[in-house]
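Take a look at the structure below.
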Amino acid sequence: MRRSNETEHAEVGTSAMIIFIALILVSSIISAIIIGVGGDVFAQSKTDASRNTPSMKGIANIVVLEIESLGADDGIHIVFELPYVEAEVPEEDLSWTVMCFPPNQGGGQNTIKFDQGDFELATTLDGDGATALPLIAFQPGVDYRMILQLDVCDLDEIEDATLVMLVANGRTQEKFMDIGTAPYIGQDLN
């Protein structure tokens, strides 16, 4: 004979399965919310970082640096390029300074003198580097020339000087120039 017992085991299994499925659904919804919020936070931090970081306009690379003229109006011939820029650099964003230490005449503390200017007279290699051309911006990887006119620093009186080229929102390029005791036209200062 067969005996039949009524039990509620099947109902307990069904209830456990429903609770298990509900837990999986809730955990997947919570995971999706956490991932979405995390993605938004990273996207916002990326835009904040790009807004707060200034655009890097590169560094000037000096190719040729030599004495162009001596006497009443000393001049330095410079050929340079901006190889590491991503876009053209406006002419007003580039400037130069020549710092020199003239000999101490009074026996006191030595003073520094400097000449400075912009690159308004810069030309491509086709130009002479002293006559203004309609050059509005410097292109990446193109060589330019210019004659730096010195009014304060006298190359006959100093033995060394420093040329500093500054690119706005970029880096400064500092170049030591060993002039020596007998400077001459065409002398390489690199």
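Residue numbering restarts at 1 in every chain; chains get A, B, ... in the order shown in the structure tokens, and ligands count up from 1 in that same order.
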As a count of residues only, please: every residue in stretch 21-96 of chain A that DSSP puts in alpha helix (DSSP H).
32
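Here atom CA of A:His77 and atom CA of A:Met99 stand 15.9 Å from one another.
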Distance query stretch 152-165 of chain A at most 7 Å, only C-alpha atoms, self and fewer than 3 positions along chain excluded, as a PyMOL selection string:
chain A and resi 60+74+95-103+113-115+172-181+183
Going by DSSP on the backbone, which bits of stretch 32-187 of chain A are strand (DSSP E)? Write them as a PDB file with C-alpha atoms, in the first residue's frame, please.
ATOM      1  CA  ASN A  61      64.384  75.314 -29.868  1.00  0.00           C
ATOM      2  CA  ILE A  62      67.393  77.480 -30.779  1.00  0.00           C
ATOM      3  CA  VAL A  63      69.065  76.262 -33.965  1.00  0.00           C
ATOM      4  CA  VAL A  64      71.588  79.072 -34.677  1.00  0.00           C
ATOM      5  CA  LEU A  65      72.901  81.671 -32.238  1.00  0.00           C
ATOM      6  CA  GLU A  66      75.720  83.959 -33.419  1.00  0.00           C
ATOM      7  CA  ILE A  67      76.978  87.533 -33.249  1.00  0.00           C
ATOM      8  CA  GLU A  68      75.523  89.522 -36.157  1.00  0.00           C
ATOM      9  CA  SER A  69      76.994  92.979 -35.503  1.00  0.00           C
ATOM     10  CA  ASP A  74      75.270  95.104 -31.200  1.00  0.00           C
ATOM     11  CA  GLY A  75      73.064  92.390 -32.623  1.00  0.00           C
ATOM     12  CA  ILE A  76      72.627  88.655 -32.189  1.00  0.00           C
ATOM     13  CA  HIS A  77      71.363  86.521 -35.070  1.00  0.00           C
ATOM     14  CA  ILE A  78      69.047  83.758 -33.926  1.00  0.00           C
ATOM     15  CA  VAL A  79      67.337  80.970 -35.854  1.00  0.00           C
ATOM     16  CA  PHE A  80      64.683  79.123 -33.854  1.00  0.00           C
ATOM     17  CA  GLU A  81      61.698  76.825 -34.176  1.00  0.00           C
ATOM     18  CA  VAL A  89      51.578  80.408 -31.513  1.00  0.00           C
ATOM     19  CA  PRO A  90      50.594  84.083 -31.865  1.00  0.00           C
ATOM     20  CA  LEU A  94      56.830  84.923 -27.647  1.00  0.00           C
ATOM     21  CA  SER A  95      59.416  87.223 -26.024  1.00  0.00           C
ATOM     22  CA  TRP A  96      63.155  87.335 -25.317  1.00  0.00           C
ATOM     23  CA  THR A  97      65.580  88.746 -22.740  1.00  0.00           C
ATOM     24  CA  VAL A  98      69.388  88.955 -22.847  1.00  0.00           C
ATOM     25  CA  MET A  99      70.973  89.269 -19.390  1.00  0.00           C
ATOM     26  CA  CYS A 100      74.588  90.388 -18.987  1.00  0.00           C
ATOM     27  CA  LYS A 113      71.769  94.583 -17.124  1.00  0.00           C
ATOM     28  CA  PHE A 114      69.345  93.286 -19.685  1.00  0.00           C
ATOM     29  CA  ASP A 115      67.822  93.893 -23.080  1.00  0.00           C
ATOM     30  CA  GLN A 116      64.401  92.550 -23.906  1.00  0.00           C
ATOM     31  CA  GLY A 117      61.885  92.500 -26.698  1.00  0.00           C
ATOM     32  CA  ASP A 118      59.323  90.584 -28.670  1.00  0.00           C
ATOM     33  CA  THR A 123      60.794  86.302 -40.434  1.00  0.00           C
ATOM     34  CA  THR A 124      60.976  82.928 -42.073  1.00  0.00           C
ATOM     35  CA  ALA A 137      51.714  83.472 -35.778  1.00  0.00           C
ATOM     36  CA  PHE A 138      54.529  80.937 -35.576  1.00  0.00           C
ATOM     37  CA  TYR A 144      62.351  81.463 -38.167  1.00  0.00           C
ATOM     38  CA  ARG A 145      65.118  84.041 -37.911  1.00  0.00           C
ATOM     39  CA  MET A 146      65.515  87.335 -36.144  1.00  0.00           C
ATOM     40  CA  ILE A 147      68.201  89.865 -35.241  1.00  0.00           C
ATOM     41  CA  LEU A 148      68.064  90.681 -31.515  1.00  0.00           C
ATOM     42  CA  GLN A 149      69.146  94.335 -31.193  1.00  0.00           C
ATOM     43  CA  LEU A 150      71.050  95.004 -27.955  1.00  0.00           C
ATOM     44  CA  ASP A 160      79.234  85.937 -21.192  1.00  0.00           C
ATOM     45  CA  ALA A 161      75.514  86.511 -21.221  1.00  0.00           C
ATOM     46  CA  THR A 162      72.295  84.533 -21.041  1.00  0.00           C
ATOM     47  CA  LEU A 163      69.478  84.492 -23.587  1.00  0.00           C
ATOM     48  CA  VAL A 164      66.035  83.615 -22.255  1.00  0.00           C
ATOM     49  CA  MET A 165      63.171  82.891 -24.659  1.00  0.00           C
ATOM     50  CA  LEU A 166      59.684  82.726 -23.198  1.00  0.00           C
ATOM     51  CA  VAL A 167      56.627  81.110 -24.784  1.00  0.00           C
ATOM     52  CA  THR A 172      61.314  79.215 -20.929  1.00  0.00           C
ATOM     53  CA  GLN A 173      64.432  78.322 -22.861  1.00  0.00           C
ATOM     54  CA  GLU A 174      67.634  79.599 -21.274  1.00  0.00           C
ATOM     55  CA  LYS A 175      70.798  79.615 -23.370  1.00  0.00           C
ATOM     56  CA  PHE A 176      74.211  80.538 -21.953  1.00  0.00           C
ATOM     57  CA  MET A 177      76.310  82.544 -24.442  1.00  0.00           C
ATOM     58  CA  ASP A 178      80.108  82.363 -24.078  1.00  0.00           C
TER      59      ASP A 178
END
Quick one, how far is atom CA of A:Ile30 from atom CA of A:Val12?
27.0 Å
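Taking atom CA of A:Ile24 and atom CA of A:Glu11 as endpoints, the distance between them is 20.1 Å.
Residue neighbourhood of A:Tyr84, excluding near-sequence residues (fewer than 4 positions): Lys57, Gly58, Ile59, Pro140 and Gly141 of chain A, at 8 Å, using only C-alpha atoms.
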